[in-house]
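**Q** Before I ask anything, here is the structure I am working with.
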Amino acid sequence: MLKHTFCHIPGFGAGTERSLWQAGLHGWDDIFNQPNLPLSSKKEATLHSHIRESIAQLQAGNGDYFYGLLPSDQQWRLFPAFRDQVAYFDIETTGLGDPSDYITTIVLYDGRQVRSYVSGQNLGDFARDIADYRLLVSYNGKTFDAPFVRRCLGAPLDQPHIDLRYVLGSLGYRGGLKGCEQQLGIPRQGLEDIDGSFAILLWHDYQRGNAKALDTLLAYNALDVINLEILMVLAYNAKLAKTPLGLEHHLPLPTSPSLPFAADQDTIQRLRSQHGWSSY
DNA sequence: CCTCGGCATCTTTATGTAGT
DNA sequence: ACTACATAAAGATGCCGAGG
């Protein structure tokens with residue numbers, strides 16, 4: 001998709017890009033073959049120089065270049081070029097950000113492998129592991145997860161970052177991660193009633209000695225992260241469908257790995273009744 | 001050349017929202 | 001209550017071609 005992108009060039013907005021597309025100039029290669037472009041000579045010069053630069057930067061795998069130039073509502077275009085170096089991630093904490101709050105668990109998924117990090121065990125390893133990836137994907141992670149990780153773990157998390165909250169929101173899907181999943185028909189087998197506040201209860205139950213509560217928490221955490229990949233592909237295809245480019249660039253839905261953790265229904269039921277049925 | 005009008009892009013401001 | 005990201009609306013800038 002980057003090879004079909006022009007709106008990262010200064011002076012080239014959504015309108016100019018669309019008119020180029022509709023003139024049959026779908027990609028960077030077409031620009032050099034076409035003798036007379038529907039542009040002024042000044043714009044043509046900036047177009048040529050920026051496309052030469054873009055080809056080199058893409059070849060070098062430099063996502064920062066495009067991330068810095070793309071309008072924020074077009075960052076989703078980075079996905080296919082960096083899909084083999086993408087990290088889907090999500091954190092659980094003891095609260096929304098009081099100074100006393102801390103990260104309890106993190107799950108990182110790269111499309112192949114699920115890795116988990118637990119406070120008191122290996123949480124700090126996340127800072128090293130996440131640095132190996134060149135694109136981050138999260139839900140509301142730009143506002144919540146990434147600042148929390150920077151503050152508590154000192155990881156820079158300075159890679160390009162696609163926050164699905166805004167991509168899905170621009171497609172009309174709002175109401176949080178669970179709401180989006182529901183609207184798009186993505187199941188959460190056995191974990192449909194667990195949310196972030198219940199995750200706090202699971203953590204405290206684990207602290208009191210219930211090992212199955214941690215498994216349940218990690219199952220919930222991992223399911224969120226695995227579903228991020230499905231959401232990313234669905235959102236990407238939906239954004240693509242709004243362009244006049246062909247359908248040939250659509251991505252197939254990924255096959256999700258099975259959850260490496262088992263939720264314990266007895267623990268869920270007990271915590272539910274202990275804390276009242278009304279809110280859960 | 002110079003100015004003007006139309007259009008697209010860029011900037012500024014205010015408002016909204018989701019995470020545990 | 002918080003945070004820091006986004007969009008939306010409104011205003012400013014600047015490019016480009018037409019016409020004098």
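Starting from 1 in every chain, residues are counted up; chains themselves are A, B, ... following the order of the structure tokens, and ligands are numbered from 1 as listed.
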Using DSSP assignments from the backbone, pull out every residue in range 64-194 of chain A that falls under strand (DSSP E) and give it to me as number ranges by chain.
**A** A: 86-93, 103-109, 114-118, 135-138, 161-163
**Q** For chain A, report every residue with an atom at most 8 Å from chain C (counting only C-alpha atoms (C1' of nucleotides)), formatted as a ChimeraX atom specification.
**A** /A:40,96-97,142-144,166
**Q** With 12 Å as the limit and counting only C-alpha atoms (C1' of nucleotides), what residues in chain B lie close to chain A? Please list them as JSON, numbers by chain.
**A** {"B": [7, 8, 9, 10, 16, 17, 18, 19, 20]}
**Q** Output N, CA and C atoms (P, O5', C5', C4', C3', O3' and C1' of nucleotides) for every residue in the selection just made, as an mmCIF file, in the first residue's frame.
**A**
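The resulting file, result-v6.cif, is reproduced below:
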```cif
data_model
loop_
_atom_site.group_PDB
_atom_site.id
_atom_site.type_symbol
_atom_site.label_atom_id
_atom_site.label_comp_id
_atom_site.auth_asym_id
_atom_site.auth_seq_id
_atom_site.Cartn_x
_atom_site.Cartn_y
_atom_site.Cartn_z
ATOM 1 P P DC B 7 -13.616 26.541 -7.089
ATOM 2 O "O5'" DC B 7 -12.544 25.545 -6.460
ATOM 3 C "C5'" DC B 7 -11.415 25.161 -7.248
ATOM 4 C "C4'" DC B 7 -10.262 24.835 -6.341
ATOM 5 C "C3'" DC B 7 -10.613 23.889 -5.185
ATOM 6 O "O3'" DC B 7 -10.120 22.597 -5.515
ATOM 7 C "C1'" DC B 7 -9.087 25.629 -4.543
ATOM 8 P P DA B 8 -10.444 21.343 -4.587
ATOM 9 O "O5'" DA B 8 -9.075 21.147 -3.816
ATOM 10 C "C5'" DA B 8 -7.864 21.038 -4.560
ATOM 11 C "C4'" DA B 8 -6.688 21.171 -3.619
ATOM 12 C "C3'" DA B 8 -6.731 20.222 -2.425
ATOM 13 O "O3'" DA B 8 -5.510 19.504 -2.357
ATOM 14 C "C1'" DA B 8 -6.413 22.471 -1.702
ATOM 15 P P DT B 9 -5.202 18.480 -1.219
ATOM 16 O "O5'" DT B 9 -4.285 19.346 -0.233
ATOM 17 C "C5'" DT B 9 -3.179 20.091 -0.762
ATOM 18 C "C4'" DT B 9 -2.559 20.953 0.322
ATOM 19 C "C3'" DT B 9 -2.232 20.196 1.612
ATOM 20 O "O3'" DT B 9 -0.890 20.474 1.943
ATOM 21 C "C1'" DT B 9 -3.460 22.170 2.082
ATOM 22 P P DC B 10 -0.157 19.735 3.163
ATOM 23 O "O5'" DC B 10 -0.220 20.834 4.331
ATOM 24 C "C5'" DC B 10 0.478 22.055 4.171
ATOM 25 C "C4'" DC B 10 0.065 23.031 5.264
ATOM 26 C "C3'" DC B 10 0.307 22.548 6.700
ATOM 27 O "O3'" DC B 10 1.104 23.510 7.356
ATOM 28 C "C1'" DC B 10 -1.855 23.479 6.472
ATOM 29 P P DG B 16 -17.759 17.368 23.714
ATOM 30 O "O5'" DG B 16 -17.088 15.985 23.264
ATOM 31 C "C5'" DG B 16 -17.085 15.635 21.878
ATOM 32 C "C4'" DG B 16 -16.315 14.342 21.667
ATOM 33 C "C3'" DG B 16 -16.623 13.245 22.693
ATOM 34 O "O3'" DG B 16 -16.718 12.014 22.000
ATOM 35 C "C1'" DG B 16 -14.297 13.658 22.648
ATOM 36 P P DT B 17 -17.616 10.835 22.592
ATOM 37 O "O5'" DT B 17 -16.569 9.662 22.794
ATOM 38 C "C5'" DT B 17 -15.574 9.437 21.795
ATOM 39 C "C4'" DT B 17 -14.355 8.821 22.415
ATOM 40 C "C3'" DT B 17 -14.658 7.810 23.542
ATOM 41 O "O3'" DT B 17 -14.151 6.567 23.128
ATOM 42 C "C1'" DT B 17 -12.819 9.200 24.072
ATOM 43 P P DA B 18 -15.033 5.280 23.064
ATOM 44 O "O5'" DA B 18 -14.061 4.170 23.676
ATOM 45 C "C5'" DA B 18 -12.891 3.806 22.959
ATOM 46 C "C4'" DA B 18 -11.748 3.666 23.926
ATOM 47 C "C3'" DA B 18 -12.050 2.762 25.116
ATOM 48 O "O3'" DA B 18 -11.543 1.460 24.820
ATOM 49 C "C1'" DA B 18 -10.814 4.740 25.752
ATOM 50 P P DG B 19 -11.719 0.284 25.895
ATOM 51 O "O5'" DG B 19 -10.354 0.360 26.700
ATOM 52 C "C5'" DG B 19 -9.114 0.070 26.048
ATOM 53 C "C4'" DG B 19 -7.965 0.417 26.966
ATOM 54 C "C3'" DG B 19 -8.077 -0.204 28.357
ATOM 55 O "O3'" DG B 19 -7.397 -1.454 28.343
ATOM 56 C "C1'" DG B 19 -7.589 2.138 28.518
ATOM 57 P P DT B 20 -8.007 -2.699 29.065
ATOM 58 O "O5'" DT B 20 -7.659 -2.377 30.570
ATOM 59 C "C5'" DT B 20 -6.290 -2.233 30.946
ATOM 60 C "C4'" DT B 20 -6.189 -1.936 32.427
ATOM 61 C "C3'" DT B 20 -6.853 -2.954 33.325
ATOM 62 O "O3'" DT B 20 -5.928 -3.960 33.627
ATOM 63 C "C1'" DT B 20 -7.416 -0.733 34.005
#
```
**Q** With DSSP run on the backbone, what are the helix (DSSP H, G or I) residues within range 100-182 of chain A? I'd like them as a PyMOL selection string.
**A** chain A and resi 125-130+145-153+164-170+176-182
**Q** Work out how far apart CA of Asn36 in chain A and CA of Met1 in chain A are and give it in Å to one decimal.
**A**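 Going from CA of Asn36 in chain A over to CA of Met1 in chain A covers 23.9 Å.
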**Q** Would you kindly return, as a PyMOL selection string, each protein, DNA or RNA residue with an atom no farther than 12 Å from any atom of range 110-114 of chain A, considering only C-alpha atoms (C1' of nucleotides) and excluding same-chain residues fewer than 2 positions away?
**A** chain A and resi 82-90+106-108+116-117+129-130+132-138+218-219+221-230+232-233+253-261
**Q** Within 10 Å of Ile268 in chain A, counting only C-alpha atoms (C1' of nucleotides), which residues show up once you throw out same-chain ones fewer than 3 positions away? Write them as a list of chain:residue names, please.
**A**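 Result of the neighbour search: A:Leu191, A:Asp193, A:Ile194, A:Phe198, A:Leu201, A:Leu202, A:Lys212, A:Ala213, A:Thr216, A:Leu217, A:Ala263, A:Asp264, A:Gln265, A:Leu271, A:Arg272, A:Ser273, A:Gln274.
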